[in-house]
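A quick write-up on the structure given underneath.
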Amino acid sequence: MDNILKLKYDVDGDDFTRAGEASASVKKTLKKMGVPADIIRKAAIALYEGEINMVIHADGGEIEVDISSNKIIMILKDKGKGIENIELAMQEGYSTAPDEVRSLGFGAGMGLPNMKKYSDEMRIESTLNIGTTVYMTVCIS
Amino acid sequence: MTAIELAKQAGFDIKVEGNGDKRTISGIYCGDLLSMVMGRAKADDAWITVMGNINSVAVGVLADVTCIILAEEITMNEQALQKAADEGVCIIHSHLPTFETAKKIAELAAL
């Protein structure tokens, strides 16, 4: 049976200065484990985009990261307003981010497309006014 | 060419040295939308932007760029500079507009 390292993080809502703590921590952990740099980059970017989405759209949430020898599974769960049309949200350039978020450089409509691009598998479960859970897997080998 | 050598030759202002004396520049990416940068910049690029907040530093770390160059005389705020120092990210200020900054780097680094 493969050993799995489980990491858990709380993401604060509306705090852009702290957003990225989970991805930075996961990046450091993967580096210590000797995971190849290109794999670390994929996982860290996908997770950071997810963290930012939680801050912008859902007033924070919870992240669980399971690392085994051959894959990284990242589960991002929030109790936000949900995604009305996932297909539309997945389109590059589509964004519902408010103007103050855009002025910080976010809200380009590339968050979900980047998460899909950098993960090997991605699944979104979302219910309006209940919340969203995103499952991402990045393969190590 | 390392980021520090390049900044000195170009006459740019080095605000945080970070790992800039160890890492070389193999390309250039210009852009200010952070997700676009994460989606399209390559590792070891010099990233030229006018976005000087703390999130730019986080994006620079994640995208694994060699350095962040603030163009158009834009300066990075103190909180962001501190984070860059903690993370070992090289931060350079350029007095030139974005295009001229990129052009100068391309010439000096023979890209």
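Chain labels run A, B, ... following the order of the structure tokens; each chain numbers its residues from 1, and ligands are numbered from 1 in the order shown.
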
Please report as CSV every residue of chain A lying within 9 Å of chain B, along with the nearest atom pair and their distance in Å (one decimal), using only C-alpha atoms.
```
residue,atom,partner,partner_atom,distance
A:Phe16,CA,B:Asn55,CA,7.3
A:Thr17,CA,B:Ile54,CA,6.4
A:Arg18,CA,B:Asn55,CA,9.0
A:Ala19,CA,B:Asn55,CA,8.2
A:Gly20,CA,B:Ala58,CA,6.8
A:Ser23,CA,B:Leu62,CA,8.3
A:Ala24,CA,B:Leu62,CA,7.8
A:Lys27,CA,B:Leu62,CA,8.3
A:Asp38,CA,B:Ala43,CA,8.8
A:Ile40,CA,B:Leu62,CA,8.9
A:Arg41,CA,B:Leu62,CA,6.2
A:Lys42,CA,B:Leu62,CA,8.8
A:Ala44,CA,B:Leu62,CA,6.2
A:Ile45,CA,B:Leu62,CA,5.9
A:Tyr48,CA,B:Leu62,CA,8.2
A:Glu49,CA,B:Ser35,CA,7.5
A:Arg102,CA,B:Leu33,CA,8.3
A:Leu104,CA,B:Asn53,CA,7.4
A:Gly105,CA,B:Leu33,CA,4.7
A:Phe106,CA,B:Leu34,CA,5.8
A:Gly107,CA,B:Leu33,CA,7.9
A:Ala108,CA,B:Leu33,CA,6.2
A:Gly109,CA,B:Ser35,CA,7.9
A:Met110,CA,B:Ser35,CA,5.5
A:Gly111,CA,B:Ser35,CA,6.1
A:Pro113,CA,B:Gly39,CA,8.6
A:Asn114,CA,B:Gly39,CA,5.8
A:Lys117,CA,B:Gly39,CA,8.1
A:Tyr118,CA,B:Gly39,CA,8.5
```

Write the residues of the selection above to a file with N, CA, C and O atoms, as a CSV table (one decimal), in the first residue's frame.
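Saved as part.csv:
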```csv
chain,number,residue,atom,x,y,z
A,16,PHE,N,-6.4,38.8,-0.3
A,16,PHE,CA,-5.5,38.5,-1.4
A,16,PHE,C,-4.0,38.4,-1.0
A,16,PHE,O,-3.2,37.9,-1.7
A,17,THR,N,-3.7,39.1,0.1
A,17,THR,CA,-2.3,39.0,0.5
A,17,THR,C,-1.9,37.7,1.1
A,17,THR,O,-0.7,37.3,1.0
A,18,ARG,N,-2.9,36.9,1.6
A,18,ARG,CA,-2.5,35.6,2.1
A,18,ARG,C,-2.8,34.5,1.1
A,18,ARG,O,-2.4,33.3,1.3
A,19,ALA,N,-3.6,34.8,0.1
A,19,ALA,CA,-3.9,33.8,-0.9
A,19,ALA,C,-2.6,33.3,-1.5
A,19,ALA,O,-1.7,34.1,-1.8
A,20,GLY,N,-2.5,32.0,-1.6
A,20,GLY,CA,-1.2,31.4,-2.1
A,20,GLY,C,-0.4,30.7,-1.1
A,20,GLY,O,0.6,30.1,-1.4
A,23,SER,N,-0.6,26.8,-1.8
A,23,SER,CA,0.2,26.4,-3.0
A,23,SER,C,1.7,26.6,-2.7
A,23,SER,O,2.5,25.7,-3.1
A,24,ALA,N,2.1,27.6,-1.9
A,24,ALA,CA,3.5,27.8,-1.6
A,24,ALA,C,3.9,26.6,-0.7
A,24,ALA,O,5.0,26.1,-0.8
A,27,LYS,N,4.2,23.4,-2.7
A,27,LYS,CA,5.4,23.5,-3.6
A,27,LYS,C,6.6,23.1,-2.8
A,27,LYS,O,7.4,22.4,-3.2
A,38,ASP,N,9.0,20.4,-13.1
A,38,ASP,CA,7.9,20.7,-14.0
A,38,ASP,C,6.5,20.2,-13.4
A,38,ASP,O,5.5,20.8,-13.6
A,40,ILE,N,6.0,20.0,-10.1
A,40,ILE,CA,5.7,21.0,-9.0
A,40,ILE,C,5.0,22.2,-9.6
A,40,ILE,O,4.1,22.7,-9.0
A,41,ARG,N,5.6,22.7,-10.7
A,41,ARG,CA,5.1,23.9,-11.3
A,41,ARG,C,3.6,23.8,-11.7
A,41,ARG,O,2.7,24.6,-11.4
A,42,LYS,N,3.3,22.6,-12.3
A,42,LYS,CA,1.9,22.4,-12.7
A,42,LYS,C,0.9,22.4,-11.5
A,42,LYS,O,-0.1,23.0,-11.5
A,44,ALA,N,1.4,23.5,-8.4
A,44,ALA,CA,1.4,24.8,-7.6
A,44,ALA,C,0.5,25.8,-8.4
A,44,ALA,O,-0.2,26.6,-7.7
A,45,ILE,N,0.7,25.9,-9.7
A,45,ILE,CA,-0.1,26.9,-10.4
A,45,ILE,C,-1.6,26.6,-10.4
A,45,ILE,O,-2.5,27.4,-10.1
A,48,TYR,N,-2.9,27.4,-6.9
A,48,TYR,CA,-3.0,28.8,-6.7
A,48,TYR,C,-4.2,29.4,-7.3
A,48,TYR,O,-4.9,30.2,-6.7
A,49,GLU,N,-4.5,29.0,-8.6
A,49,GLU,CA,-5.7,29.5,-9.3
A,49,GLU,C,-6.9,29.1,-8.5
A,49,GLU,O,-7.9,29.9,-8.4
A,102,ARG,N,-10.0,42.9,-10.5
A,102,ARG,CA,-9.3,43.0,-11.8
A,102,ARG,C,-8.1,44.0,-11.6
A,102,ARG,O,-7.1,43.9,-12.3
A,104,LEU,N,-6.2,44.3,-9.3
A,104,LEU,CA,-5.0,43.6,-8.7
A,104,LEU,C,-4.3,42.6,-9.7
A,104,LEU,O,-3.3,42.0,-9.4
A,105,GLY,N,-4.9,42.5,-10.9
A,105,GLY,CA,-4.3,41.7,-11.9
A,105,GLY,C,-5.0,40.3,-12.1
A,105,GLY,O,-4.6,39.5,-12.9
A,106,PHE,N,-6.1,40.1,-11.3
A,106,PHE,CA,-6.9,38.9,-11.4
A,106,PHE,C,-8.1,39.1,-12.3
A,106,PHE,O,-8.3,40.2,-12.8
A,107,GLY,N,-8.9,38.1,-12.5
A,107,GLY,CA,-10.1,38.3,-13.2
A,107,GLY,C,-10.0,38.3,-14.7
A,107,GLY,O,-10.7,38.9,-15.4
A,108,ALA,N,-8.9,37.6,-15.2
A,108,ALA,CA,-8.7,37.6,-16.7
A,108,ALA,C,-9.5,36.5,-17.3
A,108,ALA,O,-9.5,36.4,-18.6
A,109,GLY,N,-10.2,35.7,-16.5
A,109,GLY,CA,-11.0,34.6,-17.1
A,109,GLY,C,-10.1,33.5,-17.5
A,109,GLY,O,-10.4,32.7,-18.5
A,110,MET,N,-9.0,33.3,-16.8
A,110,MET,CA,-8.1,32.2,-17.1
A,110,MET,C,-7.9,31.3,-16.0
A,110,MET,O,-7.1,30.3,-16.1
A,111,GLY,N,-8.6,31.5,-14.9
A,111,GLY,CA,-8.4,30.7,-13.7
A,111,GLY,C,-8.7,29.2,-13.9
A,111,GLY,O,-7.9,28.3,-13.8
A,113,PRO,N,-9.5,27.7,-16.8
A,113,PRO,CA,-8.8,27.1,-17.9
A,113,PRO,C,-7.3,26.7,-17.5
A,113,PRO,O,-6.9,25.7,-17.9
A,114,ASN,N,-6.7,27.6,-16.7
A,114,ASN,CA,-5.3,27.2,-16.2
A,114,ASN,C,-5.4,26.0,-15.3
A,114,ASN,O,-4.5,25.1,-15.4
A,117,LYS,N,-5.7,23.1,-17.6
A,117,LYS,CA,-4.4,23.0,-18.4
A,117,LYS,C,-3.3,22.3,-17.6
A,117,LYS,O,-2.6,21.5,-18.1
A,118,TYR,N,-3.2,22.7,-16.3
A,118,TYR,CA,-2.1,22.2,-15.5
A,118,TYR,C,-2.4,20.9,-14.7
A,118,TYR,O,-1.5,20.4,-14.1
```

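Comparing B:Thr2, B:Ala106, B:Tyr29, B:Cys67 by their smallest distance to B:Ala85, the closest is B:Cys67 (using only C-alpha atoms).
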
So that I can check the secondary structure, give me every residue of chain A assigned helix (DSSP H, G or I) by backbone DSSP, as number ranges by chain. A: 21-32, 37-57, 86-89, 99-102, 111-118

Which residues are near stretch 80-90 of chain A? Cut-off 10 Å, only C-alpha atoms, ignore same chain within fewer than 2 positions. Put them as a ChimeraX atom specification. /A:54-61,77-78,92-96,109-116,124-133

Write out as a count of residues only which residues come within 12 Å of A:Ser141 when counting only C-alpha atoms, dropping same-chain ones fewer than 3 positions away. 12

Tell me which protein, DNA and RNA residues are within 7 Å of B:Gly18, counting only C-alpha atoms, leaving out same-chain ones fewer than 6 positions away, and put them as a list in words. Ala85, Gly88, Val89 and Cys90 of chain B

Residues from the last selection, N, CA and C atoms, saved as a tab-separated table (two decimals), in the first residue's frame:
```tsv
chain	number	residue	atom	x	y	z
B	85	ALA	N	12.05	39.19	-1.08
B	85	ALA	CA	13.31	38.88	-0.37
B	85	ALA	C	13.18	37.54	0.36
B	88	GLY	N	13.26	34.75	-2.24
B	88	GLY	CA	14.43	34.69	-3.12
B	88	GLY	C	14.14	35.08	-4.56
B	89	VAL	N	13.13	35.95	-4.74
B	89	VAL	CA	12.77	36.38	-6.10
B	89	VAL	C	13.51	37.67	-6.44
B	90	CYS	N	14.15	37.69	-7.58
B	90	CYS	CA	14.89	38.88	-8.03
B	90	CYS	C	13.91	39.92	-8.57
```

Can you tell me how far atom CA of B:Lys42 sits from atom CA of A:Gly50, in Å to one decimal? 20.1 Å

Nearest candidate to B:Ala84 (options B:Lys22, B:Lys8, B:Lys104, B:Lys15; using only C-alpha atoms): B:Lys15

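Counting from atom CA of B:Leu6, the distance to atom CA of A:Ala37 is 24.7 Å.
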
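Of the listed residues A:Ala43, A:Asn53, A:Val134, A:Ala97, the one whose atoms come nearest to A:Ser119 is A:Ala43, with distances taken using only C-alpha atoms.
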
Could you check how far atom CA of B:Gly60 sits from atom CA of B:Val16, in Å to one decimal? 13.3 Å

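Considering the residues B:Gln9, B:Val57, B:Asp45, B:Ala102 and counting only C-alpha atoms, B:Asp86 has its shortest atom-to-atom contact with B:Val57.
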
Set the distance at 9 Å and use only C-alpha atoms: which residues neighbour B:Arg23 once local chain neighbours fewer than 5 positions away are removed? I'd like the list as a compact mmCIF listing (two decimals) with N, CA and C atoms, in the first residue's frame.
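File written: out_8.txt
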```txt
# COMPACT_ATOMS: atom_id res chain seq x y z
N MET B 1 23.05 34.66 -19.55
CA MET B 1 23.29 35.86 -18.74
C MET B 1 22.37 35.85 -17.51
N THR B 2 22.93 36.13 -16.33
CA THR B 2 22.08 36.13 -15.14
C THR B 2 21.25 37.42 -15.09
N ALA B 3 20.21 37.39 -14.26
CA ALA B 3 19.34 38.56 -14.13
C ALA B 3 20.12 39.76 -13.59
N ILE B 4 21.04 39.51 -12.67
CA ILE B 4 21.80 40.61 -12.08
C ILE B 4 22.76 41.23 -13.11
N ASP B 44 12.15 30.29 -16.23
CA ASP B 44 13.39 30.97 -16.61
C ASP B 44 13.19 32.18 -17.52
N THR B 66 12.76 33.84 -13.87
CA THR B 66 14.09 34.18 -13.36
C THR B 66 14.06 35.47 -12.54
N CYS B 67 13.26 36.44 -13.03
CA CYS B 67 13.16 37.71 -12.31
C CYS B 67 11.86 38.41 -12.70
```

Across A:Ser103, A:Ile67, A:Met122, A:Ile75, the smallest distance to A:Lys6, with only C-alpha atoms counted, is shown by A:Ile67

Strand (DSSP E or B) call set, DSSP backbone run, chain B, as a PyMOL selection string: chain B and resi 2+13-16+24+27-30+45-49+67-70+90-93

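Here the question is which of A:Lys8, A:Arg123, A:Lys32, A:Lys79 gets nearest to A:Ile63 using only C-alpha atoms, and that residue is A:Lys8.
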